[in-house]
file work05.cif (mmCIF, N, CA and C atoms and all ligand atoms)
data_data
loop_
_atom_site.label_atom_id
_atom_site.label_comp_id
_atom_site.auth_asym_id
_atom_site.auth_seq_id
_atom_site.Cartn_x
_atom_site.Cartn_y
_atom_site.Cartn_z
N MET A 1 6.05 122.86 80.92
CA MET A 1 6.29 123.49 82.23
C MET A 1 5.10 124.36 82.62
N LYS A 2 4.74 124.27 83.86
CA LYS A 2 3.62 125.07 84.34
C LYS A 2 4.03 126.56 84.39
N PRO A 3 3.08 127.45 84.07
CA PRO A 3 3.41 128.88 84.07
C PRO A 3 3.41 129.52 85.46
N TYR A 4 3.20 128.70 86.47
CA TYR A 4 3.09 129.22 87.83
C TYR A 4 3.72 128.22 88.80
N PHE A 5 3.96 128.65 90.01
CA PHE A 5 4.35 127.69 91.06
C PHE A 5 3.85 128.21 92.39
N TYR A 6 3.76 127.31 93.34
CA TYR A 6 3.36 127.73 94.68
C TYR A 6 3.95 126.78 95.70
N GLU A 7 4.13 127.31 96.89
CA GLU A 7 4.66 126.52 97.99
C GLU A 7 3.73 126.65 99.18
N ASN A 8 3.96 125.81 100.16
CA ASN A 8 3.15 125.90 101.37
C ASN A 8 3.74 126.96 102.29
N THR A 9 3.14 128.15 102.26
CA THR A 9 3.64 129.25 103.09
C THR A 9 2.64 129.61 104.18
N TRP A 10 1.87 128.61 104.59
CA TRP A 10 0.84 128.81 105.62
C TRP A 10 1.46 129.31 106.91
N LYS A 11 0.97 130.43 107.38
CA LYS A 11 1.39 131.03 108.65
C LYS A 11 2.85 131.47 108.68
N VAL A 12 3.43 131.64 107.51
CA VAL A 12 4.75 132.26 107.45
C VAL A 12 4.59 133.73 107.81
N LYS A 13 5.59 134.31 108.46
CA LYS A 13 5.48 135.71 108.92
C LYS A 13 5.48 136.71 107.76
N ARG A 14 4.60 137.70 107.88
CA ARG A 14 4.58 138.84 106.96
C ARG A 14 4.75 140.10 107.79
N THR A 15 5.34 141.13 107.19
CA THR A 15 5.63 142.32 107.99
C THR A 15 4.86 143.56 107.57
N TYR A 16 4.32 143.60 106.32
CA TYR A 16 3.60 144.82 105.92
C TYR A 16 2.36 145.00 106.78
N GLY A 17 2.17 146.21 107.30
CA GLY A 17 0.98 146.48 108.12
C GLY A 17 1.07 145.86 109.50
N GLY A 18 2.29 145.73 110.01
CA GLY A 18 2.49 145.11 111.33
C GLY A 18 2.75 143.63 111.18
N GLU A 19 3.35 143.04 112.19
CA GLU A 19 3.66 141.61 112.09
C GLU A 19 2.40 140.77 112.09
N ARG A 20 2.33 139.87 111.13
CA ARG A 20 1.14 139.03 111.03
C ARG A 20 1.54 137.75 110.33
N LEU A 21 0.60 136.83 110.23
CA LEU A 21 0.90 135.54 109.62
C LEU A 21 0.18 135.44 108.27
N HIS A 22 0.73 134.58 107.43
CA HIS A 22 0.17 134.40 106.08
C HIS A 22 -0.93 133.35 106.11
N PHE A 23 -2.16 133.79 105.87
CA PHE A 23 -3.30 132.88 105.89
C PHE A 23 -3.79 132.61 104.47
N GLY A 24 -2.93 132.02 103.67
CA GLY A 24 -3.33 131.72 102.31
C GLY A 24 -2.19 131.06 101.56
N THR A 25 -2.40 130.91 100.25
CA THR A 25 -1.36 130.38 99.37
C THR A 25 -1.10 131.40 98.27
N ASP A 26 0.17 131.65 97.98
CA ASP A 26 0.56 132.55 96.91
C ASP A 26 0.92 131.74 95.67
N ILE A 27 0.19 132.00 94.60
CA ILE A 27 0.48 131.33 93.34
C ILE A 27 1.27 132.32 92.49
N MET A 28 2.53 131.99 92.24
CA MET A 28 3.48 132.92 91.62
C MET A 28 3.51 132.73 90.10
N ASP A 29 3.63 133.83 89.36
CA ASP A 29 3.87 133.78 87.92
C ASP A 29 5.37 133.54 87.72
N ILE A 30 5.73 132.45 87.04
CA ILE A 30 7.16 132.15 86.86
C ILE A 30 7.87 133.24 86.04
N GLU A 31 7.10 133.97 85.22
CA GLU A 31 7.71 135.06 84.42
C GLU A 31 7.67 136.40 85.16
N ASP A 32 6.95 136.46 86.28
CA ASP A 32 6.82 137.69 87.06
C ASP A 32 6.37 138.86 86.19
N GLU A 33 5.30 138.63 85.42
CA GLU A 33 4.84 139.64 84.46
C GLU A 33 3.37 139.98 84.72
N ARG A 34 3.12 141.23 85.04
CA ARG A 34 1.75 141.70 85.30
C ARG A 34 0.82 141.43 84.12
N GLY A 35 -0.37 140.93 84.43
CA GLY A 35 -1.41 140.83 83.40
C GLY A 35 -1.26 139.64 82.48
N ARG A 36 -0.33 138.73 82.78
CA ARG A 36 -0.06 137.60 81.89
C ARG A 36 -0.98 136.42 82.17
N LEU A 37 -1.12 136.06 83.43
CA LEU A 37 -1.87 134.84 83.75
C LEU A 37 -3.31 135.17 84.14
N PRO A 38 -4.28 134.45 83.54
CA PRO A 38 -5.67 134.67 83.90
C PRO A 38 -5.98 134.05 85.26
N ILE A 39 -6.91 134.66 85.96
CA ILE A 39 -7.39 134.12 87.23
C ILE A 39 -8.86 133.79 87.06
N VAL A 40 -9.20 132.52 87.32
CA VAL A 40 -10.60 132.12 87.22
C VAL A 40 -11.12 131.73 88.59
N SER A 41 -12.42 131.81 88.76
CA SER A 41 -13.01 131.46 90.04
C SER A 41 -12.94 129.95 90.26
N MET A 42 -12.61 129.54 91.49
CA MET A 42 -12.56 128.11 91.83
C MET A 42 -13.95 127.53 92.01
N THR A 43 -14.91 128.41 92.28
CA THR A 43 -16.25 127.96 92.67
C THR A 43 -17.29 128.82 91.97
N SER A 44 -18.51 128.36 92.00
CA SER A 44 -19.60 129.27 91.69
C SER A 44 -19.85 130.09 92.95
N GLY A 45 -20.61 131.15 92.82
CA GLY A 45 -20.89 131.97 94.00
C GLY A 45 -21.28 133.38 93.60
N VAL A 46 -21.24 134.25 94.60
CA VAL A 46 -21.64 135.64 94.40
C VAL A 46 -20.46 136.53 94.78
N ILE A 47 -20.18 137.52 93.96
CA ILE A 47 -19.12 138.48 94.29
C ILE A 47 -19.60 139.35 95.45
N GLU A 48 -18.91 139.17 96.59
CA GLU A 48 -19.31 139.91 97.79
C GLU A 48 -18.52 141.21 97.93
N LYS A 49 -17.26 141.14 97.50
CA LYS A 49 -16.40 142.32 97.57
C LYS A 49 -15.57 142.41 96.30
N ILE A 50 -15.49 143.61 95.75
CA ILE A 50 -14.56 143.84 94.65
C ILE A 50 -14.07 145.27 94.76
N GLY A 51 -12.78 145.47 94.52
CA GLY A 51 -12.19 146.80 94.61
C GLY A 51 -10.90 146.77 95.40
N TRP A 52 -10.46 147.97 95.76
CA TRP A 52 -9.13 148.10 96.40
C TRP A 52 -9.20 147.84 97.89
N ASN A 53 -8.25 147.12 98.43
CA ASN A 53 -7.94 147.20 99.86
C ASN A 53 -6.44 147.27 100.05
N GLU A 54 -6.03 147.79 101.18
CA GLU A 54 -4.64 148.18 101.37
C GLU A 54 -3.67 147.01 101.19
N LYS A 55 -3.96 145.91 101.85
CA LYS A 55 -3.03 144.77 101.79
C LYS A 55 -3.21 143.96 100.51
N GLY A 56 -4.46 143.78 100.10
CA GLY A 56 -4.76 142.90 98.97
C GLY A 56 -4.72 143.57 97.61
N GLY A 57 -4.63 144.89 97.59
CA GLY A 57 -4.68 145.60 96.31
C GLY A 57 -6.03 145.42 95.64
N TRP A 58 -6.00 145.21 94.33
CA TRP A 58 -7.26 144.91 93.63
C TRP A 58 -7.64 143.48 93.96
N ARG A 59 -8.76 143.32 94.63
CA ARG A 59 -9.12 141.98 95.09
C ARG A 59 -10.59 141.67 94.79
N VAL A 60 -10.89 140.36 94.83
CA VAL A 60 -12.26 139.89 94.66
C VAL A 60 -12.54 138.88 95.77
N GLY A 61 -13.69 139.01 96.41
CA GLY A 61 -14.14 138.03 97.40
C GLY A 61 -15.43 137.39 96.93
N ILE A 62 -15.43 136.07 96.86
CA ILE A 62 -16.60 135.35 96.35
C ILE A 62 -17.16 134.42 97.42
N ARG A 63 -18.45 134.54 97.65
CA ARG A 63 -19.15 133.67 98.62
C ARG A 63 -19.76 132.51 97.85
N ALA A 64 -19.27 131.31 98.16
CA ALA A 64 -19.78 130.10 97.50
C ALA A 64 -21.14 129.72 98.10
N PRO A 65 -21.91 128.89 97.39
CA PRO A 65 -23.28 128.57 97.83
C PRO A 65 -23.36 128.02 99.26
N HIS A 66 -22.37 127.25 99.69
CA HIS A 66 -22.46 126.67 101.04
C HIS A 66 -21.75 127.51 102.09
N GLY A 67 -21.38 128.73 101.73
CA GLY A 67 -20.93 129.68 102.74
C GLY A 67 -19.45 129.99 102.78
N ALA A 68 -18.62 129.17 102.13
CA ALA A 68 -17.19 129.46 102.16
C ALA A 68 -16.90 130.74 101.37
N TYR A 69 -15.91 131.49 101.85
CA TYR A 69 -15.52 132.75 101.22
C TYR A 69 -14.16 132.58 100.57
N PHE A 70 -14.08 132.87 99.29
CA PHE A 70 -12.83 132.73 98.54
C PHE A 70 -12.30 134.11 98.22
N TYR A 71 -11.08 134.35 98.69
CA TYR A 71 -10.47 135.68 98.60
C TYR A 71 -9.29 135.63 97.62
N TYR A 72 -9.38 136.42 96.57
CA TYR A 72 -8.34 136.48 95.53
C TYR A 72 -7.75 137.89 95.53
N ALA A 73 -6.44 138.01 95.65
CA ALA A 73 -5.86 139.35 95.81
C ALA A 73 -4.68 139.60 94.87
N HIS A 74 -4.36 140.89 94.74
CA HIS A 74 -3.21 141.42 93.99
C HIS A 74 -3.42 141.39 92.47
N PHE A 75 -4.66 141.52 92.01
CA PHE A 75 -4.93 141.55 90.57
C PHE A 75 -4.17 142.71 89.90
N PHE A 76 -3.81 142.49 88.64
CA PHE A 76 -3.35 143.58 87.78
C PHE A 76 -4.57 144.29 87.21
N MET A 77 -5.51 143.50 86.67
CA MET A 77 -6.78 144.08 86.21
C MET A 77 -7.90 143.07 86.32
N TYR A 78 -9.11 143.58 86.38
CA TYR A 78 -10.30 142.73 86.47
C TYR A 78 -10.82 142.39 85.08
N ALA A 79 -11.53 141.28 85.00
CA ALA A 79 -12.33 141.01 83.81
C ALA A 79 -13.41 142.09 83.73
N PRO A 80 -13.89 142.42 82.51
CA PRO A 80 -14.88 143.48 82.39
C PRO A 80 -16.20 143.13 83.07
N ASP A 81 -16.88 144.15 83.54
CA ASP A 81 -18.28 144.05 83.97
C ASP A 81 -18.50 143.19 85.22
N LEU A 82 -17.54 143.09 86.10
CA LEU A 82 -17.79 142.42 87.37
C LEU A 82 -18.34 143.44 88.37
N TYR A 83 -19.25 143.01 89.23
CA TYR A 83 -19.79 143.94 90.23
C TYR A 83 -20.23 143.16 91.47
N GLU A 84 -20.30 143.85 92.59
CA GLU A 84 -20.75 143.20 93.84
C GLU A 84 -22.19 142.74 93.68
N GLY A 85 -22.44 141.51 94.12
CA GLY A 85 -23.78 140.94 93.97
C GLY A 85 -23.94 140.09 92.72
N MET A 86 -22.93 140.11 91.88
CA MET A 86 -22.99 139.34 90.63
C MET A 86 -22.75 137.86 90.88
N HIS A 87 -23.48 137.01 90.19
CA HIS A 87 -23.26 135.57 90.27
C HIS A 87 -22.15 135.17 89.30
N VAL A 88 -21.23 134.34 89.76
CA VAL A 88 -20.19 133.82 88.86
C VAL A 88 -20.21 132.29 88.90
N GLU A 89 -19.74 131.71 87.82
CA GLU A 89 -19.62 130.26 87.74
C GLU A 89 -18.17 129.86 88.01
N SER A 90 -17.96 128.61 88.41
CA SER A 90 -16.57 128.16 88.54
C SER A 90 -15.94 128.15 87.16
N GLY A 91 -14.70 128.57 87.10
CA GLY A 91 -14.01 128.67 85.82
C GLY A 91 -14.18 130.00 85.14
N GLN A 92 -15.04 130.85 85.68
CA GLN A 92 -15.26 132.16 85.05
C GLN A 92 -14.05 133.07 85.28
N LEU A 93 -13.68 133.80 84.24
CA LEU A 93 -12.55 134.72 84.32
C LEU A 93 -12.86 135.87 85.27
N LEU A 94 -11.95 136.07 86.23
CA LEU A 94 -12.10 137.20 87.17
C LEU A 94 -11.16 138.34 86.82
N GLY A 95 -10.03 138.00 86.20
CA GLY A 95 -9.07 139.05 85.86
C GLY A 95 -7.70 138.44 85.64
N TYR A 96 -6.67 139.28 85.82
CA TYR A 96 -5.30 138.86 85.52
C TYR A 96 -4.38 139.14 86.70
N MET A 97 -3.43 138.25 86.84
CA MET A 97 -2.51 138.28 87.98
C MET A 97 -1.63 139.53 87.95
N GLY A 98 -1.37 140.06 89.14
CA GLY A 98 -0.54 141.26 89.22
C GLY A 98 0.21 141.34 90.53
N ASP A 99 0.58 142.54 90.88
CA ASP A 99 1.36 142.80 92.09
C ASP A 99 0.82 144.04 92.79
N SER A 100 -0.50 144.21 92.75
CA SER A 100 -1.10 145.38 93.39
C SER A 100 -1.25 145.14 94.88
N GLY A 101 -1.18 146.23 95.64
CA GLY A 101 -1.37 146.13 97.08
C GLY A 101 -0.19 146.65 97.87
N TYR A 102 -0.31 146.57 99.17
CA TYR A 102 0.67 147.12 100.11
C TYR A 102 0.76 148.64 99.96
N GLY A 103 -0.40 149.27 99.88
CA GLY A 103 -0.45 150.72 99.84
C GLY A 103 -1.86 151.19 100.06
N LYS A 104 -1.99 152.33 100.77
CA LYS A 104 -3.32 152.91 100.98
C LYS A 104 -3.84 153.49 99.67
N LYS A 105 -2.91 153.91 98.83
CA LYS A 105 -3.28 154.57 97.58
C LYS A 105 -3.65 153.52 96.53
N GLU A 106 -4.79 153.71 95.87
CA GLU A 106 -5.22 152.79 94.83
C GLU A 106 -4.17 152.67 93.74
N ASN A 107 -4.04 151.45 93.24
CA ASN A 107 -3.12 151.14 92.15
C ASN A 107 -1.65 151.12 92.55
N THR A 108 -1.36 151.05 93.85
CA THR A 108 0.01 150.81 94.29
C THR A 108 0.44 149.44 93.78
N MET A 109 1.58 149.39 93.11
CA MET A 109 2.08 148.12 92.57
C MET A 109 3.58 148.03 92.77
N GLY A 110 4.10 146.81 92.64
CA GLY A 110 5.54 146.63 92.56
C GLY A 110 6.26 146.38 93.88
N HIS A 111 5.51 146.11 94.95
CA HIS A 111 6.18 145.85 96.23
C HIS A 111 6.52 144.38 96.47
N PHE A 112 6.14 143.54 95.54
CA PHE A 112 6.45 142.10 95.65
C PHE A 112 6.28 141.49 94.26
N PRO A 113 6.75 140.25 94.06
CA PRO A 113 6.61 139.62 92.73
C PRO A 113 5.14 139.39 92.36
N VAL A 114 4.89 139.28 91.07
CA VAL A 114 3.52 139.04 90.57
C VAL A 114 3.01 137.69 91.07
N HIS A 115 1.88 137.73 91.75
CA HIS A 115 1.27 136.48 92.22
C HIS A 115 -0.20 136.69 92.56
N LEU A 116 -0.88 135.56 92.70
CA LEU A 116 -2.25 135.56 93.22
C LEU A 116 -2.21 135.08 94.66
N HIS A 117 -2.75 135.88 95.56
CA HIS A 117 -2.96 135.38 96.92
C HIS A 117 -4.36 134.78 96.97
N LEU A 118 -4.42 133.52 97.37
CA LEU A 118 -5.70 132.84 97.54
C LEU A 118 -5.93 132.56 99.02
N GLY A 119 -7.06 133.02 99.53
CA GLY A 119 -7.46 132.70 100.90
C GLY A 119 -8.82 132.03 100.90
N ILE A 120 -9.01 131.09 101.79
CA ILE A 120 -10.31 130.41 101.92
C ILE A 120 -10.77 130.51 103.37
N LEU A 121 -11.94 131.12 103.54
CA LEU A 121 -12.46 131.39 104.88
C LEU A 121 -13.75 130.58 105.10
N LEU A 122 -13.76 129.79 106.15
CA LEU A 122 -14.95 129.01 106.49
C LEU A 122 -15.56 129.55 107.77
N THR A 123 -16.86 129.37 107.92
CA THR A 123 -17.51 129.70 109.18
C THR A 123 -17.82 128.40 109.91
N ILE A 124 -17.19 128.24 111.07
CA ILE A 124 -17.36 127.01 111.84
C ILE A 124 -17.83 127.40 113.23
N ASP A 125 -19.00 126.93 113.63
CA ASP A 125 -19.57 127.31 114.93
C ASP A 125 -19.55 128.83 115.14
N ASP A 126 -20.03 129.57 114.15
CA ASP A 126 -20.09 131.02 114.21
C ASP A 126 -18.72 131.71 114.27
N ARG A 127 -17.68 130.95 114.08
CA ARG A 127 -16.34 131.55 114.06
C ARG A 127 -15.80 131.50 112.65
N GLU A 128 -15.18 132.59 112.20
CA GLU A 128 -14.58 132.58 110.87
C GLU A 128 -13.14 132.08 110.97
N VAL A 129 -12.82 131.09 110.14
CA VAL A 129 -11.53 130.42 110.21
C VAL A 129 -10.91 130.33 108.82
N TRP A 130 -9.73 130.92 108.66
CA TRP A 130 -9.00 130.70 107.41
C TRP A 130 -8.47 129.28 107.41
N ILE A 131 -8.58 128.61 106.27
CA ILE A 131 -7.97 127.29 106.16
C ILE A 131 -6.87 127.35 105.10
N ASN A 132 -5.96 126.40 105.17
CA ASN A 132 -4.81 126.41 104.26
C ASN A 132 -5.21 125.88 102.87
N PRO A 133 -5.15 126.72 101.84
CA PRO A 133 -5.55 126.25 100.50
C PRO A 133 -4.55 125.32 99.83
N TYR A 134 -3.37 125.19 100.41
CA TYR A 134 -2.28 124.51 99.71
C TYR A 134 -2.64 123.09 99.26
N GLU A 135 -3.09 122.26 100.20
CA GLU A 135 -3.40 120.87 99.84
C GLU A 135 -4.60 120.79 98.90
N ILE A 136 -5.51 121.74 99.04
CA ILE A 136 -6.68 121.78 98.16
C ILE A 136 -6.23 122.06 96.73
N LEU A 137 -5.31 123.01 96.58
CA LEU A 137 -4.78 123.31 95.25
C LEU A 137 -4.05 122.12 94.67
N ARG A 138 -3.25 121.46 95.49
CA ARG A 138 -2.53 120.26 95.02
C ARG A 138 -3.49 119.20 94.52
N TYR A 139 -4.54 119.01 95.31
CA TYR A 139 -5.54 118.01 94.97
C TYR A 139 -6.26 118.37 93.67
N LEU A 140 -6.69 119.62 93.55
CA LEU A 140 -7.42 120.05 92.36
C LEU A 140 -6.56 119.94 91.10
N GLU A 141 -5.29 120.31 91.24
CA GLU A 141 -4.37 120.20 90.13
C GLU A 141 -4.27 118.77 89.63
N LYS A 142 -4.12 117.87 90.58
CA LYS A 142 -3.95 116.46 90.25
C LYS A 142 -5.22 115.90 89.60
N GLU A 143 -6.36 116.27 90.14
CA GLU A 143 -7.63 115.71 89.65
C GLU A 143 -8.07 116.31 88.33
N PHE A 144 -7.83 117.61 88.17
CA PHE A 144 -8.47 118.31 87.06
C PHE A 144 -7.52 118.83 85.97
N LEU A 145 -6.26 119.02 86.29
CA LEU A 145 -5.40 119.72 85.32
C LEU A 145 -4.37 118.83 84.66
N PHE A 146 -3.70 118.00 85.43
CA PHE A 146 -2.55 117.30 84.82
C PHE A 146 -2.67 115.79 84.94
ZN ZN B 201 -0.34 135.71 100.13
#
call {"tool": "encode", "arguments": {"input": "work05.cif", "output": "structure tokens"}}
result
Amino acid sequence: MKPYFYENTWKVKRTYGGERLHFGTDIMDIEDERGRLPIVSMTSGVIEKIGWNEKGGWRVGIRAPHGAYFYYAHFFMYAPDLYEGMHVESGQLLGYMGDSGYGKKENTMGHFPVHLHLGILLTIDDREVWINPYEILRYLEKEFLF
């Protein structure tokens, strides 16, 4: 049995921080346990953002070589020695899944089940566009994991 599950929740309504839509895929820990599941980078790239933000909690943003931005949120903890500007390889450990976020105060946790929020942002004709990671995850799972 897989230790995680995810559904297609693209553009489902979210209410924290005002009404908004869900622009990503949530990969849930079936055990709902902080720090249990490792999170690795899907791509090579450069860490553009790391640290706290209100909605995403402890998050990492990675810019891939061809410009796509991969946003990973709600970490419990980071892998050691990550910093902005650092180069990472695909498969490199970024940290562990958690439930951080939904608070202005750093280290706010426990407002939702343990999961990884994955967002993928592309720049198309100078416009930034979130795309739905769901089918990409399904495809990668099929090709590379099982
Ligand atoms: Zn999410």
call {"tool": "residues_near_ligand", "arguments": {"input": "work05.cif", "ligand": "ligand ZN 201 (chain B)", "cutoff": "6.5 Å", "atoms": "all atoms listed in the file", "output": "compact mmCIF listing (two decimals) with N, CA and C atoms, in the frame of the given file"}}
result
# COMPACT_ATOMS: atom_id res chain seq x y z
N HIS A 22 0.73 134.58 107.43
CA HIS A 22 0.17 134.40 106.08
C HIS A 22 -0.93 133.35 106.11
N PHE A 23 -2.16 133.79 105.87
CA PHE A 23 -3.30 132.88 105.89
C PHE A 23 -3.79 132.61 104.47
N GLY A 24 -2.93 132.02 103.67
CA GLY A 24 -3.33 131.72 102.31
C GLY A 24 -2.19 131.06 101.56
N THR A 25 -2.40 130.91 100.25
CA THR A 25 -1.36 130.38 99.37
C THR A 25 -1.10 131.40 98.27
N ASP A 26 0.17 131.65 97.98
CA ASP A 26 0.56 132.55 96.91
C ASP A 26 0.92 131.74 95.67
N LEU A 116 -0.88 135.56 92.70
CA LEU A 116 -2.25 135.56 93.22
C LEU A 116 -2.21 135.08 94.66
N HIS A 117 -2.75 135.88 95.56
CA HIS A 117 -2.96 135.38 96.92
C HIS A 117 -4.36 134.78 96.97
N LEU A 118 -4.42 133.52 97.37
CA LEU A 118 -5.70 132.84 97.54
C LEU A 118 -5.93 132.56 99.02
call {"tool": "atom_distance", "arguments": {"input": "work05.cif", "atom1": "atom CA of A:Ile62", "atom2": "atom CA of A:Val46"}}
result
5.4 Å
call {"tool": "atom_distance", "arguments": {"input": "work05.cif", "atom1": "atom CA of A:Met86", "atom2": "atom CA of A:Ala64"}}
result
12.0 Å
call {"tool": "atom_distance", "arguments": {"input": "work05.cif", "atom1": "atom C of A:Ile27", "atom2": "atom CA of A:Arg127"}}
result
27.9 Å
call {"tool": "closest_residue", "arguments": {"input": "work05.cif", "among": "A:Gly95, A:Ser41, A:Trp58, A:Met28", "to": "A:Tyr78", "atoms": "only N, CA and C atoms"}}
result
A:Gly95
call {"tool": "select_by_dssp", "arguments": {"input": "work05.cif", "residues": "stretch 78-138 of chain A", "states": "strand (DSSP E)", "output": "PyMOL selection string"}}
result
chain A and resi 78+87-88+93-97+115-124+127-131
call {"tool": "select_by_dssp", "arguments": {"input": "work05.cif", "residues": "chain A", "states": "alpha helix (DSSP H)", "output": "list in words"}}
result
Tyr134, Glu135, Ile136, Leu137, Arg138, Tyr139 and Leu140 of chain A
call {"tool": "residues_around", "arguments": {"input": "work05.cif", "residues": "A:Tyr102", "least_positions_apart": "5", "cutoff": "7 Å", "atoms": "only N, CA and C atoms", "output": "list in words"}}
result
Tyr16, Asn53, Glu54, Lys55, Gly56, Gly57, Thr108, Met109 and His111 of chain A
call {"tool": "write_last_selection", "arguments": {"input": "work05.cif", "atoms": "N, CA and C atoms", "output": "mmCIF file, keeping the file's coordinate frame"}}
result
data_model
loop_
_atom_site.group_PDB
_atom_site.id
_atom_site.type_symbol
_atom_site.label_atom_id
_atom_site.label_comp_id
_atom_site.auth_asym_id
_atom_site.auth_seq_id
_atom_site.Cartn_x
_atom_site.Cartn_y
_atom_site.Cartn_z
ATOM 1 N N TYR A 16 4.320 143.600 106.320
ATOM 2 C CA TYR A 16 3.600 144.820 105.920
ATOM 3 C C TYR A 16 2.360 145.000 106.780
ATOM 4 N N ASN A 53 -8.250 147.120 98.430
ATOM 5 C CA ASN A 53 -7.940 147.200 99.860
ATOM 6 C C ASN A 53 -6.440 147.270 100.050
ATOM 7 N N GLU A 54 -6.030 147.790 101.180
ATOM 8 C CA GLU A 54 -4.640 148.180 101.370
ATOM 9 C C GLU A 54 -3.670 147.010 101.190
ATOM 10 N N LYS A 55 -3.960 145.910 101.850
ATOM 11 C CA LYS A 55 -3.030 144.770 101.790
ATOM 12 C C LYS A 55 -3.210 143.960 100.510
ATOM 13 N N GLY A 56 -4.460 143.780 100.100
ATOM 14 C CA GLY A 56 -4.760 142.900 98.970
ATOM 15 C C GLY A 56 -4.720 143.570 97.610
ATOM 16 N N GLY A 57 -4.630 144.890 97.590
ATOM 17 C CA GLY A 57 -4.680 145.600 96.310
ATOM 18 C C GLY A 57 -6.030 145.420 95.640
ATOM 19 N N THR A 108 -1.360 151.050 93.850
ATOM 20 C CA THR A 108 0.010 150.810 94.290
ATOM 21 C C THR A 108 0.440 149.440 93.780
ATOM 22 N N MET A 109 1.580 149.390 93.110
ATOM 23 C CA MET A 109 2.080 148.120 92.570
ATOM 24 C C MET A 109 3.580 148.030 92.770
ATOM 25 N N HIS A 111 5.510 146.110 94.950
ATOM 26 C CA HIS A 111 6.180 145.850 96.230
ATOM 27 C C HIS A 111 6.520 144.380 96.470
#
call {"tool": "residues_near_point", "arguments": {"input": "work05.cif", "point": "(-7.7, 130.5, 100.8)", "cutoff": "8 Å", "atoms": "only N, CA and C atoms", "output": "list in words"}}
result
Phe23, Gly24, Thr25, Tyr69, Phe70, Tyr71, Tyr72, His117, Leu118, Gly119, Ile120, Leu121, Trp130, Ile131, Asn132, Pro133 and Tyr134 of chain A
call {"tool": "residues_around", "arguments": {"input": "work05.cif", "residues": "A:Met97", "least_positions_apart": "5", "cutoff": "6 Å", "atoms": "all atoms listed in the file", "output": "list of chain:residue names"}}
result
A:Glu33, A:Arg34, A:Gly35, A:Arg36, A:Leu37, A:Pro38, A:Ile39, A:His74, A:Phe75, A:Phe76, A:Met77, A:Val114, A:His115, A:Leu116
call {"tool": "residues_around", "arguments": {"input": "work05.cif", "residues": "A:Pro80", "least_positions_apart": "6", "cutoff": "12 Å", "atoms": "only C-alpha atoms", "output": "list in words"}}
result
Gln92, Leu93, Leu94, Gly95 and Tyr96 of chain A
call {"tool": "axis_aligned_box", "arguments": {"input": "work05.cif", "around": "stretch 105-124 of chain A", "padding_each_side": "8 Å", "output": "lines of an AutoDock Vina configuration file"}}
result
center_x = -5.5
center_y = 140.8
center_z = 101.9
size_x = 40.6
size_y = 43.6
size_z = 38.7
call {"tool": "closest_residue", "arguments": {"input": "work05.cif", "among": "A:Gly103, A:Gly17, A:Gly98, A:Gly61", "to": "A:Met42", "atoms": "only C-alpha atoms"}}
result
A:Gly61
call {"tool": "closest_residue", "arguments": {"input": "work05.cif", "among": "A:Val129, A:Ile136, A:Ile47, A:Leu122", "to": "A:Glu89", "atoms": "only C-alpha atoms"}}
result
A:Ile47
call {"tool": "closest_residue", "arguments": {"input": "work05.cif", "among": "A:Tyr4, A:Trp52, A:Trp10, A:Phe144", "to": "A:Asn107", "atoms": "all atoms listed in the file"}}
result
A:Trp52
call {"tool": "closest_residue", "arguments": {"input": "work05.cif", "among": "A:Ile124, A:Pro3, A:His66, A:Ile50", "to": "A:Leu82", "atoms": "only N, CA and C atoms"}}
result
A:Ile50
call {"tool": "closest_residue", "arguments": {"input": "work05.cif", "among": "A:Asp126, A:Glu143, A:Glu135, A:Glu19", "to": "A:Tyr6", "atoms": "only C-alpha atoms"}}
result
A:Glu135
call {"tool": "decode", "arguments": {"input": "work05.cif", "residues": "stretch 7-16 of chain A", "atoms": "N, CA and C atoms", "output": "compact mmCIF listing (two decimals), in the first residue's frame"}}
result
# COMPACT_ATOMS: atom_id res chain seq x y z
N GLU A 7 -5.83 13.39 -4.59
CA GLU A 7 -6.98 13.48 -5.48
C GLU A 7 -6.85 14.74 -6.31
N ASN A 8 -7.69 14.82 -7.31
CA ASN A 8 -7.68 16.03 -8.14
C ASN A 8 -8.54 17.10 -7.48
N THR A 9 -7.88 18.02 -6.79
CA THR A 9 -8.61 19.09 -6.09
C THR A 9 -8.34 20.45 -6.73
N TRP A 10 -8.06 20.40 -8.03
CA TRP A 10 -7.75 21.63 -8.78
C TRP A 10 -8.91 22.61 -8.71
N LYS A 11 -8.62 23.81 -8.25
CA LYS A 11 -9.59 24.90 -8.18
C LYS A 11 -10.76 24.64 -7.23
N VAL A 12 -10.56 23.71 -6.32
CA VAL A 12 -11.55 23.55 -5.24
C VAL A 12 -11.42 24.77 -4.32
N LYS A 13 -12.53 25.20 -3.74
CA LYS A 13 -12.52 26.41 -2.90
C LYS A 13 -11.74 26.21 -1.60
N ARG A 14 -10.96 27.22 -1.24
CA ARG A 14 -10.29 27.28 0.05
C ARG A 14 -10.73 28.56 0.74
N THR A 15 -10.75 28.55 2.07
CA THR A 15 -11.28 29.73 2.76
C THR A 15 -10.25 30.48 3.60
N TYR A 16 -9.11 29.83 3.97
CA TYR A 16 -8.15 30.56 4.79
C TYR A 16 -7.57 31.75 4.01
